[in-house]
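Colleague: Pasting protein-v4.pdb below, which is PDB, C-alpha atoms.
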ATOM      1  CA  MET L   1     -18.093 -17.006 -25.832
ATOM      2  CA  ILE L   2     -15.124 -15.029 -24.531
ATOM      3  CA  LEU L   3     -15.092 -13.825 -20.935
ATOM      4  CA  ASP L   4     -13.368 -10.534 -21.624
ATOM      5  CA  GLY L   5     -11.644  -9.508 -18.403
ATOM      6  CA  LYS L   6     -10.191  -6.423 -20.024
ATOM      7  CA  LYS L   7     -13.639  -5.135 -20.986
ATOM      8  CA  LEU L   8     -15.260  -6.012 -17.656
ATOM      9  CA  SER L   9     -12.422  -4.490 -15.625
ATOM     10  CA  ALA L  10     -12.665  -1.250 -17.632
ATOM     11  CA  ARG L  11     -16.357  -1.015 -16.762
ATOM     12  CA  LEU L  12     -15.776  -1.746 -13.091
ATOM     13  CA  LYS L  13     -12.900   0.752 -12.862
ATOM     14  CA  ALA L  14     -15.117   3.437 -14.416
ATOM     15  CA  GLU L  15     -17.705   2.737 -11.704
ATOM     16  CA  MET L  16     -14.962   2.940  -9.043
ATOM     17  CA  ALA L  17     -13.731   6.243 -10.448
ATOM     18  CA  SER L  18     -17.238   7.663 -10.050
ATOM     19  CA  ARG L  19     -17.302   6.571  -6.400
ATOM     20  CA  VAL L  20     -13.819   7.902  -5.653
ATOM     21  CA  ALA L  21     -14.590  11.258  -7.277
ATOM     22  CA  GLY L  22     -16.848  12.253  -4.380
ATOM     23  CA  MET L  23     -14.597  11.040  -1.573
ATOM     24  CA  GLU L  24     -12.276  14.066  -1.460
ATOM     25  CA  GLU L  25     -15.176  16.338  -0.549
ATOM     26  CA  ARG L  26     -16.836  13.880   1.828
ATOM     27  CA  TYR L  27     -13.787  12.509   3.656
ATOM     28  CA  GLY L  28     -11.102  15.092   2.958
ATOM     29  CA  ARG L  29      -8.982  12.746   0.851
ATOM     30  CA  VAL L  30      -9.150   9.841  -1.580
ATOM     31  CA  PRO L  31      -8.070   6.215  -0.974
ATOM     32  CA  ALA L  32      -4.314   5.612  -1.101
ATOM     33  CA  LEU L  33      -2.442   2.462  -2.115
ATOM     34  CA  ALA L  34       1.248   1.915  -1.333
ATOM     35  CA  VAL L  35       3.073  -0.583  -3.544
ATOM     36  CA  ILE L  36       6.546  -1.749  -2.536
ATOM     37  CA  ILE L  37       8.794  -3.434  -5.074
ATOM     38  CA  VAL L  38      12.176  -4.915  -4.236
ATOM     39  CA  GLY L  39      14.718  -5.357  -7.039
ATOM     40  CA  GLU L  40      14.479  -5.110 -10.809
ATOM     41  CA  ASP L  41      12.557  -8.250 -11.829
ATOM     42  CA  PRO L  42      11.043  -7.382 -15.264
ATOM     43  CA  ALA L  43       7.722  -9.176 -14.657
ATOM     44  CA  SER L  44       7.313  -7.502 -11.274
ATOM     45  CA  GLN L  45       8.130  -4.111 -12.808
ATOM     46  CA  THR L  46       5.373  -4.666 -15.382
ATOM     47  CA  TYR L  47       2.845  -5.685 -12.734
ATOM     48  CA  VAL L  48       3.631  -2.617 -10.649
ATOM     49  CA  ARG L  49       3.310  -0.289 -13.658
ATOM     50  CA  ASN L  50      -0.109  -1.784 -14.377
ATOM     51  CA  LYS L  51      -1.173  -1.226 -10.769
ATOM     52  CA  VAL L  52      -0.005   2.385 -10.819
ATOM     53  CA  LYS L  53      -1.920   2.917 -14.073
ATOM     54  CA  ALA L  54      -5.073   1.411 -12.530
ATOM     55  CA  CYS L  55      -4.739   3.826  -9.613
ATOM     56  CA  GLU L  56      -4.650   6.712 -12.075
ATOM     57  CA  GLU L  57      -7.734   5.384 -13.867
ATOM     58  CA  THR L  58      -9.768   5.065 -10.658
ATOM     59  CA  GLY L  59      -8.552   8.223  -8.905
ATOM     60  CA  ILE L  60      -6.760   6.323  -6.140
ATOM     61  CA  ARG L  61      -3.563   7.934  -4.833
ATOM     62  CA  SER L  62      -0.592   5.748  -5.680
ATOM     63  CA  ILE L  63       2.524   5.542  -3.509
ATOM     64  CA  HIS L  64       5.309   3.713  -5.332
ATOM     65  CA  ILE L  65       8.262   2.596  -3.193
ATOM     66  CA  ALA L  66      11.182   0.962  -5.034
ATOM     67  CA  LEU L  67      13.887  -0.720  -2.937
ATOM     68  CA  PRO L  68      17.151  -2.281  -4.151
ATOM     69  CA  SER L  69      17.391  -6.075  -4.389
ATOM     70  CA  GLY L  70      20.003  -6.088  -1.637
ATOM     71  CA  VAL L  71      17.829  -4.274   0.880
ATOM     72  CA  ARG L  72      17.942  -5.818   4.343
ATOM     73  CA  GLU L  73      14.781  -7.519   5.562
ATOM     74  CA  ARG L  74      14.741  -5.225   8.606
ATOM     75  CA  GLU L  75      14.660  -2.151   6.379
ATOM     76  CA  LEU L  76      11.703  -3.545   4.435
ATOM     77  CA  LEU L  77       9.855  -4.368   7.658
ATOM     78  CA  ASP L  78      10.546  -0.850   8.976
ATOM     79  CA  GLN L  79       9.107   0.604   5.764
ATOM     80  CA  ILE L  80       5.955  -1.489   6.204
ATOM     81  CA  LYS L  81       5.708  -0.353   9.847
ATOM     82  CA  ARG L  82       5.784   3.298   8.759
ATOM     83  CA  LEU L  83       3.018   2.665   6.231
ATOM     84  CA  ASN L  84       0.952   0.753   8.823
ATOM     85  CA  GLU L  85       1.127   3.791  11.106
ATOM     86  CA  ASP L  86       0.332   6.337   8.376
ATOM     87  CA  PRO L  87      -3.393   7.229   8.562
ATOM     88  CA  GLY L  88      -3.222   8.496   4.984
ATOM     89  CA  VAL L  89      -2.431   5.021   3.610
ATOM     90  CA  ASP L  90      -5.298   2.545   3.187
ATOM     91  CA  GLY L  91      -3.697  -0.341   1.313
ATOM     92  CA  ILE L  92      -0.220  -1.862   1.377
ATOM     93  CA  LEU L  93       1.021  -4.311  -1.227
ATOM     94  CA  VAL L  94       4.484  -5.870  -1.385
ATOM     95  CA  GLN L  95       5.112  -7.173  -4.884
ATOM     96  CA  LEU L  96       6.100 -10.847  -4.898
ATOM     97  CA  PRO L  97       8.411 -12.664  -5.343
ATOM     98  CA  LEU L  98      10.987 -11.207  -2.996
ATOM     99  CA  PRO L  99      14.756 -11.876  -3.070
ATOM    100  CA  PRO L 100      15.758 -15.183  -1.411
ATOM    101  CA  HIS L 101      17.258 -13.507   1.658
ATOM    102  CA  ILE L 102      13.877 -12.032   2.653
ATOM    103  CA  ASP L 103      11.218 -14.172   4.355
ATOM    104  CA  GLU L 104       7.966 -13.601   2.429
ATOM    105  CA  HIS L 105       5.798 -14.922   5.271
ATOM    106  CA  ARG L 106       7.387 -12.539   7.761
ATOM    107  CA  VAL L 107       6.811  -9.630   5.364
ATOM    108  CA  ILE L 108       3.167 -10.541   4.693
ATOM    109  CA  ASN L 109       2.505 -10.990   8.404
ATOM    110  CA  ALA L 110       3.990  -7.532   9.078
ATOM    111  CA  ILE L 111       1.299  -5.757   7.047
ATOM    112  CA  ALA L 112      -1.611  -4.551   9.153
ATOM    113  CA  PRO L 113      -4.591  -6.827   8.345
ATOM    114  CA  ALA L 114      -6.810  -3.787   7.730
ATOM    115  CA  LYS L 115      -4.355  -2.563   5.063
ATOM    116  CA  ASP L 116      -3.645  -5.980   3.532
ATOM    117  CA  VAL L 117      -5.423  -5.440   0.210
ATOM    118  CA  ASP L 118      -3.955  -8.664  -1.228
ATOM    119  CA  GLY L 119      -5.842 -10.696   1.367
ATOM    120  CA  PHE L 120      -2.721 -12.721   2.232
ATOM    121  CA  HIS L 121      -2.387 -11.950   5.953
ATOM    122  CA  PRO L 122      -3.309 -14.946   8.154
ATOM    123  CA  ARG L 123      -6.098 -12.935   9.774
ATOM    124  CA  ASN L 124      -7.680 -12.256   6.383
ATOM    125  CA  VAL L 125      -7.201 -15.868   5.310
ATOM    126  CA  ALA L 126      -9.008 -16.949   8.486
ATOM    127  CA  GLY L 127     -11.701 -14.341   7.852
ATOM    128  CA  LEU L 128     -12.390 -15.784   4.414
ATOM    129  CA  TRP L 129     -12.860 -19.306   5.765
ATOM    130  CA  LEU L 130     -14.867 -18.132   8.777
ATOM    131  CA  ASP L 131     -17.164 -15.934   6.658
ATOM    132  CA  GLU L 132     -16.053 -12.734   8.362
ATOM    133  CA  ASP L 133     -15.668  -9.283   6.821
ATOM    134  CA  CYS L 134     -12.176  -9.297   5.321
ATOM    135  CA  ALA L 135     -10.089  -8.566   2.238
ATOM    136  CA  ILE L 136     -10.688 -11.289  -0.355
ATOM    137  CA  PRO L 137      -7.663 -12.204  -2.524
ATOM    138  CA  CYS L 138      -7.838 -10.278  -5.778
ATOM    139  CA  THR L 139      -7.527 -13.079  -8.339
ATOM    140  CA  PRO L 140     -10.253 -15.320  -6.832
ATOM    141  CA  LYS L 141     -12.493 -12.285  -6.383
ATOM    142  CA  GLY L 142     -11.986 -11.377 -10.043
ATOM    143  CA  ILE L 143     -12.717 -14.947 -11.116
ATOM    144  CA  MET L 144     -16.082 -14.845  -9.354
ATOM    145  CA  HIS L 145     -16.888 -11.606 -11.153
ATOM    146  CA  LEU L 146     -16.106 -13.305 -14.474
ATOM    147  CA  ILE L 147     -18.224 -16.360 -13.623
ATOM    148  CA  ASN L 148     -21.145 -14.136 -12.657
ATOM    149  CA  GLU L 149     -20.694 -12.221 -15.914
ATOM    150  CA  SER L 150     -21.191 -15.475 -17.843
ATOM    151  CA  GLY L 151     -24.709 -15.740 -16.439
ATOM    152  CA  ILE L 152     -23.860 -19.102 -14.897
ATOM    153  CA  ASN L 153     -25.148 -19.541 -11.363
ATOM    154  CA  PRO L 154     -22.651 -21.807  -9.551
ATOM    155  CA  SER L 155     -25.363 -23.086  -7.195
ATOM    156  CA  GLY L 156     -25.714 -26.832  -7.625
ATOM    157  CA  LYS L 157     -23.024 -26.938 -10.310
ATOM    158  CA  ARG L 158     -19.906 -29.093 -10.215
ATOM    159  CA  ALA L 159     -16.769 -26.962  -9.993
ATOM    160  CA  VAL L 160     -13.233 -28.287 -10.359
ATOM    161  CA  VAL L 161     -10.215 -26.195  -9.359
ATOM    162  CA  VAL L 162      -6.900 -27.433 -10.738
ATOM    163  CA  GLY L 163      -4.242 -26.050  -8.404
ATOM    164  CA  ARG L 164      -4.119 -25.692  -4.635
ATOM    165  CA  SER L 165      -2.093 -22.537  -4.000
ATOM    166  CA  ASN L 166      -2.895 -20.233  -1.096
ATOM    167  CA  ILE L 167      -3.187 -17.328  -3.539
ATOM    168  CA  VAL L 168      -5.677 -18.816  -6.036
ATOM    169  CA  GLY L 169      -6.618 -22.474  -5.688
ATOM    170  CA  LYS L 170      -7.748 -22.640  -2.077
ATOM    171  CA  PRO L 171      -9.519 -19.254  -1.882
ATOM    172  CA  ILE L 172     -11.410 -19.708  -5.182
ATOM    173  CA  ALA L 173     -12.575 -23.118  -3.937
ATOM    174  CA  LYS L 174     -13.980 -21.403  -0.820
ATOM    175  CA  LEU L 175     -15.729 -18.690  -2.863
ATOM    176  CA  LEU L 176     -17.288 -21.335  -5.121
ATOM    177  CA  LEU L 177     -18.432 -23.240  -2.018
ATOM    178  CA  ASP L 178     -19.989 -20.007  -0.749
ATOM    179  CA  ALA L 179     -21.857 -19.810  -4.071
ATOM    180  CA  ASN L 180     -23.216 -23.321  -3.371
ATOM    181  CA  ALA L 181     -21.157 -25.149  -5.980
ATOM    182  CA  THR L 182     -19.937 -28.688  -5.318
ATOM    183  CA  VAL L 183     -16.179 -28.240  -5.402
ATOM    184  CA  THR L 184     -13.271 -30.581  -6.136
ATOM    185  CA  ILE L 185      -9.662 -29.420  -5.813
ATOM    186  CA  ALA L 186      -7.349 -31.307  -8.172
ATOM    187  CA  HIS L 187      -3.556 -31.160  -8.226
ATOM    188  CA  SER L 188      -0.387 -32.896  -9.382
ATOM    189  CA  HIS L 189      -1.207 -36.076  -7.415
ATOM    190  CA  THR L 190      -4.805 -36.381  -8.658
ATOM    191  CA  GLU L 191      -5.400 -39.727 -10.352
ATOM    192  CA  ASP L 192      -6.964 -39.516 -13.828
ATOM    193  CA  LEU L 193      -6.980 -35.730 -13.897
ATOM    194  CA  ALA L 194      -8.654 -35.692 -17.317
ATOM    195  CA  ARG L 195     -11.685 -37.564 -15.971
ATOM    196  CA  VAL L 196     -11.985 -35.229 -12.981
ATOM    197  CA  CYS L 197     -11.776 -32.141 -15.220
ATOM    198  CA  ARG L 198     -14.479 -33.510 -17.549
ATOM    199  CA  GLU L 199     -16.898 -33.592 -14.601
ATOM    200  CA  ALA L 200     -16.705 -29.812 -14.219
ATOM    201  CA  ASP L 201     -19.448 -27.387 -15.168
ATOM    202  CA  ILE L 202     -16.998 -24.705 -14.018
ATOM    203  CA  LEU L 203     -13.287 -25.426 -14.492
ATOM    204  CA  VAL L 204     -10.668 -23.132 -12.933
ATOM    205  CA  VAL L 205      -7.074 -23.879 -13.896
ATOM    206  CA  ALA L 206      -4.186 -22.311 -11.933
ATOM    207  CA  VAL L 207      -1.109 -24.532 -12.118
ATOM    208  CA  GLY L 208       1.512 -22.509 -14.033
ATOM    209  CA  ARG L 209       2.063 -25.139 -16.741
ATOM    210  CA  PRO L 210       1.595 -24.041 -20.373
ATOM    211  CA  LYS L 211      -1.434 -25.598 -22.124
ATOM    212  CA  MET L 212      -1.703 -28.391 -19.556
ATOM    213  CA  ILE L 213      -5.483 -28.722 -20.054
ATOM    214  CA  ASP L 214      -6.752 -29.333 -23.576
ATOM    215  CA  GLY L 215     -10.185 -29.702 -25.115
ATOM    216  CA  SER L 216     -10.323 -33.455 -24.524
ATOM    217  CA  MET L 217     -10.271 -32.776 -20.771
ATOM    218  CA  ILE L 218     -13.197 -30.336 -20.803
ATOM    219  CA  LYS L 219     -16.901 -31.111 -20.527
ATOM    220  CA  SER L 220     -19.048 -29.823 -23.375
ATOM    221  CA  GLY L 221     -20.572 -26.496 -22.363
ATOM    222  CA  ALA L 222     -18.286 -25.915 -19.381
ATOM    223  CA  VAL L 223     -17.170 -22.464 -18.224
ATOM    224  CA  VAL L 224     -13.360 -22.429 -18.331
ATOM    225  CA  ILE L 225     -11.327 -19.944 -16.290
ATOM    226  CA  ASP L 226      -7.623 -19.935 -17.189
ATOM    227  CA  VAL L 227      -5.498 -18.268 -14.514
ATOM    228  CA  GLY L 228      -2.114 -19.223 -15.983
ATOM    229  CA  ILE L 229       0.313 -16.735 -17.492
ATOM    230  CA  ASN L 230       3.228 -18.546 -19.118
ATOM    231  CA  ARG L 231       5.869 -17.281 -21.503
ATOM    232  CA  ILE L 232       6.773 -19.787 -24.229
ATOM    233  CA  SER L 233       9.112 -19.767 -27.216
ATOM    234  CA  VAL L 234       7.357 -20.205 -30.579
ATOM    235  CA  PRO L 235       9.367 -21.065 -33.728
ATOM    236  CA  THR L 236       8.748 -18.863 -36.784
ATOM    237  CA  PRO L 237      10.449 -18.568 -40.181
ATOM    238  CA  GLY L 238      12.383 -15.619 -38.790
ATOM    239  CA  GLY L 239      13.434 -17.408 -35.616
ATOM    240  CA  ASN L 240      11.890 -18.109 -32.229
ATOM    241  CA  ILE L 241       9.628 -15.495 -30.656
ATOM    242  CA  SER L 242       8.301 -15.232 -27.119
ATOM    243  CA  ARG L 243       4.561 -15.416 -26.533
ATOM    244  CA  ILE L 244       2.189 -15.524 -23.577
ATOM    245  CA  CYS L 245      -0.156 -18.474 -23.115
ATOM    246  CA  GLY L 246      -2.314 -19.883 -20.367
ATOM    247  CA  ASP L 247      -2.561 -23.221 -18.585
ATOM    248  CA  VAL L 248      -5.359 -24.189 -20.996
ATOM    249  CA  ASP L 249      -4.875 -24.960 -24.681
ATOM    250  CA  PHE L 250      -7.151 -22.175 -25.867
ATOM    251  CA  ASP L 251      -7.757 -23.384 -29.431
ATOM    252  CA  SER L 252      -8.917 -26.896 -28.528
ATOM    253  CA  ALA L 253     -10.798 -25.693 -25.426
ATOM    254  CA  CYS L 254     -12.811 -23.266 -27.545
ATOM    255  CA  GLU L 255     -14.274 -26.235 -29.415
ATOM    256  CA  VAL L 256     -16.110 -27.506 -26.319
ATOM    257  CA  ALA L 257     -16.386 -24.726 -23.715
ATOM    258  CA  SER L 258     -19.395 -22.414 -23.539
ATOM    259  CA  TRP L 259     -17.353 -19.580 -21.995
ATOM    260  CA  ILE L 260     -13.589 -19.205 -21.710
ATOM    261  CA  THR L 261     -11.129 -16.556 -20.550
ATOM    262  CA  PRO L 262      -8.361 -15.563 -22.978
ATOM    263  CA  VAL L 263      -4.703 -15.205 -21.976
ATOM    264  CA  PRO L 264      -3.813 -12.398 -21.875
ATOM    265  CA  GLY L 265      -6.941 -10.292 -21.351
ATOM    266  CA  GLY L 266      -8.934 -12.559 -19.043
ATOM    267  CA  VAL L 267      -8.144 -13.025 -15.367
ATOM    268  CA  GLY L 268      -5.105 -10.699 -15.284
ATOM    269  CA  PRO L 269      -6.954  -7.384 -15.751
ATOM    270  CA  MET L 270      -9.562  -8.491 -13.227
ATOM    271  CA  THR L 271      -6.904  -9.128 -10.569
ATOM    272  CA  ILE L 272      -5.669  -5.537 -10.772
ATOM    273  CA  CYS L 273      -9.248  -4.240 -10.908
ATOM    274  CA  GLU L 274     -10.122  -6.076  -7.687
ATOM    275  CA  LEU L 275      -7.004  -4.650  -6.032
ATOM    276  CA  MET L 276      -8.465  -1.198  -6.630
ATOM    277  CA  GLY L 277     -11.778  -2.378  -5.205
ATOM    278  CA  ASN L 278     -10.109  -3.791  -2.091
ATOM    279  CA  THR L 279      -8.283  -0.494  -1.564
ATOM    280  CA  ILE L 280     -11.551   1.446  -1.729
ATOM    281  CA  GLU L 281     -13.171  -1.022   0.690
ATOM    282  CA  ALA L 282     -10.241  -0.673   3.121
ATOM    283  CA  PHE L 283     -10.598   3.116   2.939
ATOM    284  CA  LEU L 284     -14.331   2.941   3.684
ATOM    285  CA  ARG L 285     -13.821   0.494   6.571
ATOM    286  CA  SER L 286     -11.311   2.880   8.172
ATOM    287  CA  HIS L 287     -13.868   5.702   8.025
ATOM    288  CA  GLN L 288     -16.573   3.560   9.619
ATOM    289  CA  GLU L 289     -14.536   2.895  12.767
TER     290      GLU L 289
END
Let me see the file written as structure tokens.
Modeller:
Amino acid sequence: MILDGKKLSARLKAEMASRVAGMEERYGRVPALAVIIVGEDPASQTYVRNKVKACEETGIRSIHIALPSGVRERELLDQIKRLNEDPGVDGILVQLPLPPHIDEHRVINAIAPAKDVDGFHPRNVAGLWLDEDCAIPCTPKGIMHLINESGINPSGKRAVVVGRSNIVGKPIAKLLLDANATVTIAHSHTEDLARVCREADILVVAVGRPKMIDGSMIKSGAVVIDVGINRISVPTPGGNISRICGDVDFDSACEVASWITPVPGGVGPMTICELMGNTIEAFLRSHQE
């Protein structure tokens, strides 16, 4: 069975649009999300366009700020400061990666925690691990939505997360722990990775390596969540073409998994959907103070 993130995100965004529709009258405005992009990276440009489109679909006001790749770090930090102080802005997102001359950690730390809709600020990271009210990172939050959609209750199940990034691996492990799963985090130094993966009732793969996990490494009936988005060159009679694939070999995994996310169309749409949700939540928190 396919865990269709595109279909689920469309449903959730329609529900968000219904909520946002009444906010202008009740609060005098709608939620607003500011997205800052630095430079002309094609992948980043695509991600930002998708976020702007999602804002349109949900009724959220989008503020798009494009800065040149040579912008000084101080100028970027000043821009964030202005957005932090603007009461009409609820969420701030700086599209990563940034040019090498800009310190990503300094930029993330500059965003007001209440407006950090990515959930990357240290205060929000701490809030996640301390079970406090905070912004939950969008990709892990979307993954939990997909797992719940499968009808699988993680409680008592064995979950394996392949990848230990601060953006996906670690936070999804915490959310699965919160759902009472027994969680193992595997990584590049894990001995006998195939054996560890085959123990998983729920397998989340986020390593950024094309088709690293194949069907032989998956337990029969497991739920497989593929977070990877990799561009590979595929030979054809007319020459090589570029295609997108995940970290899981989809064809062989389909033979054994009960549920699996496709790439594209699985986790990616859910990440952007949850960004909209986090923006709405930030807006509502600001009106409760």
Colleague: Could you expand the PyMOL selection byres ((chain L and resi 124-128) around 12) into the explicit residues it covers here, written as a ChimeraX atom specification?
Modeller: /L:108-109,111-123,129-137,140-141,166-168,170-175,177-178
Colleague: Can you work out the spacing between atom CA of L:Val224 and atom CA of L:Ile2 in Å, to one decimal?
Modeller: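 These atoms are spaced 9.8 Å apart.
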Colleague: Can you tell me which residues surround stretch 259-269 of chain L at a distance of at most 6 Å, considering all atoms listed in the file, apart from same-chain residues fewer than 4 positions away, and format the answer as a PyMOL selection string?
Modeller: chain L and resi 1-6+223-227+245-246
Colleague: Save the residues we just selected, C-alpha atoms, as an mmCIF file, in the coordinates of the input?
Modeller:
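Output file selection_30.cif follows:
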data_model
loop_
_atom_site.group_PDB
_atom_site.id
_atom_site.type_symbol
_atom_site.label_atom_id
_atom_site.label_comp_id
_atom_site.auth_asym_id
_atom_site.auth_seq_id
_atom_site.Cartn_x
_atom_site.Cartn_y
_atom_site.Cartn_z
ATOM 1 C CA MET L 1 -18.093 -17.006 -25.832
ATOM 2 C CA ILE L 2 -15.124 -15.029 -24.531
ATOM 3 C CA LEU L 3 -15.092 -13.825 -20.935
ATOM 4 C CA ASP L 4 -13.368 -10.534 -21.624
ATOM 5 C CA GLY L 5 -11.644 -9.508 -18.403
ATOM 6 C CA LYS L 6 -10.191 -6.423 -20.024
ATOM 7 C CA VAL L 223 -17.170 -22.464 -18.224
ATOM 8 C CA VAL L 224 -13.360 -22.429 -18.331
ATOM 9 C CA ILE L 225 -11.327 -19.944 -16.290
ATOM 10 C CA ASP L 226 -7.623 -19.935 -17.189
ATOM 11 C CA VAL L 227 -5.498 -18.268 -14.514
ATOM 12 C CA CYS L 245 -0.156 -18.474 -23.115
ATOM 13 C CA GLY L 246 -2.314 -19.883 -20.367
#
Colleague: Would you work out the distance separating atom CA of L:Gly228 from atom CA of L:Thr279, expressed in Å to one decimal?
Modeller: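 Pair atom CA of L:Gly228 / atom CA of L:Thr279 returns 24.4 Å.
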Colleague: Could you list, as an MDAnalysis selection string, every residue matched by the PyMOL selection byres ((chain L and resi 39) around 8) in this structure?
Modeller: chainID L and resid 37:38 40:41 66:70 99
Colleague: Apply the PyMOL selection byres ((chain L and resi 36) around 7) to the file shown and report the selected residues as a list in words.
Modeller: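 Expected selection for the PyMOL selection byres ((chain L and resi 36) around 7) here is Ala34, Val35, Ile37, Val38, His64, Ile65, Ala66, Leu93, Val94 and Gln95 of chain L.
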Colleague: For atom CA of L:Val161 and atom CA of L:Leu193, quote the distance in Å rounded to one decimal.
Modeller: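 Result for atom CA of L:Val161 versus atom CA of L:Leu193: 11.0 Å, one decimal.
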Colleague: Hey, can I get the axis-aligned box for stretch 50-55 of chain L? All listed atoms, 8 Å padding on each side, centre and edge lengths in Å to one decimal, as lines of an AutoDock Vina configuration file.
Modeller:
center_x = -2.5
center_y = 1.0
center_z = -12.0
size_x = 21.1
size_y = 21.6
size_z = 20.8
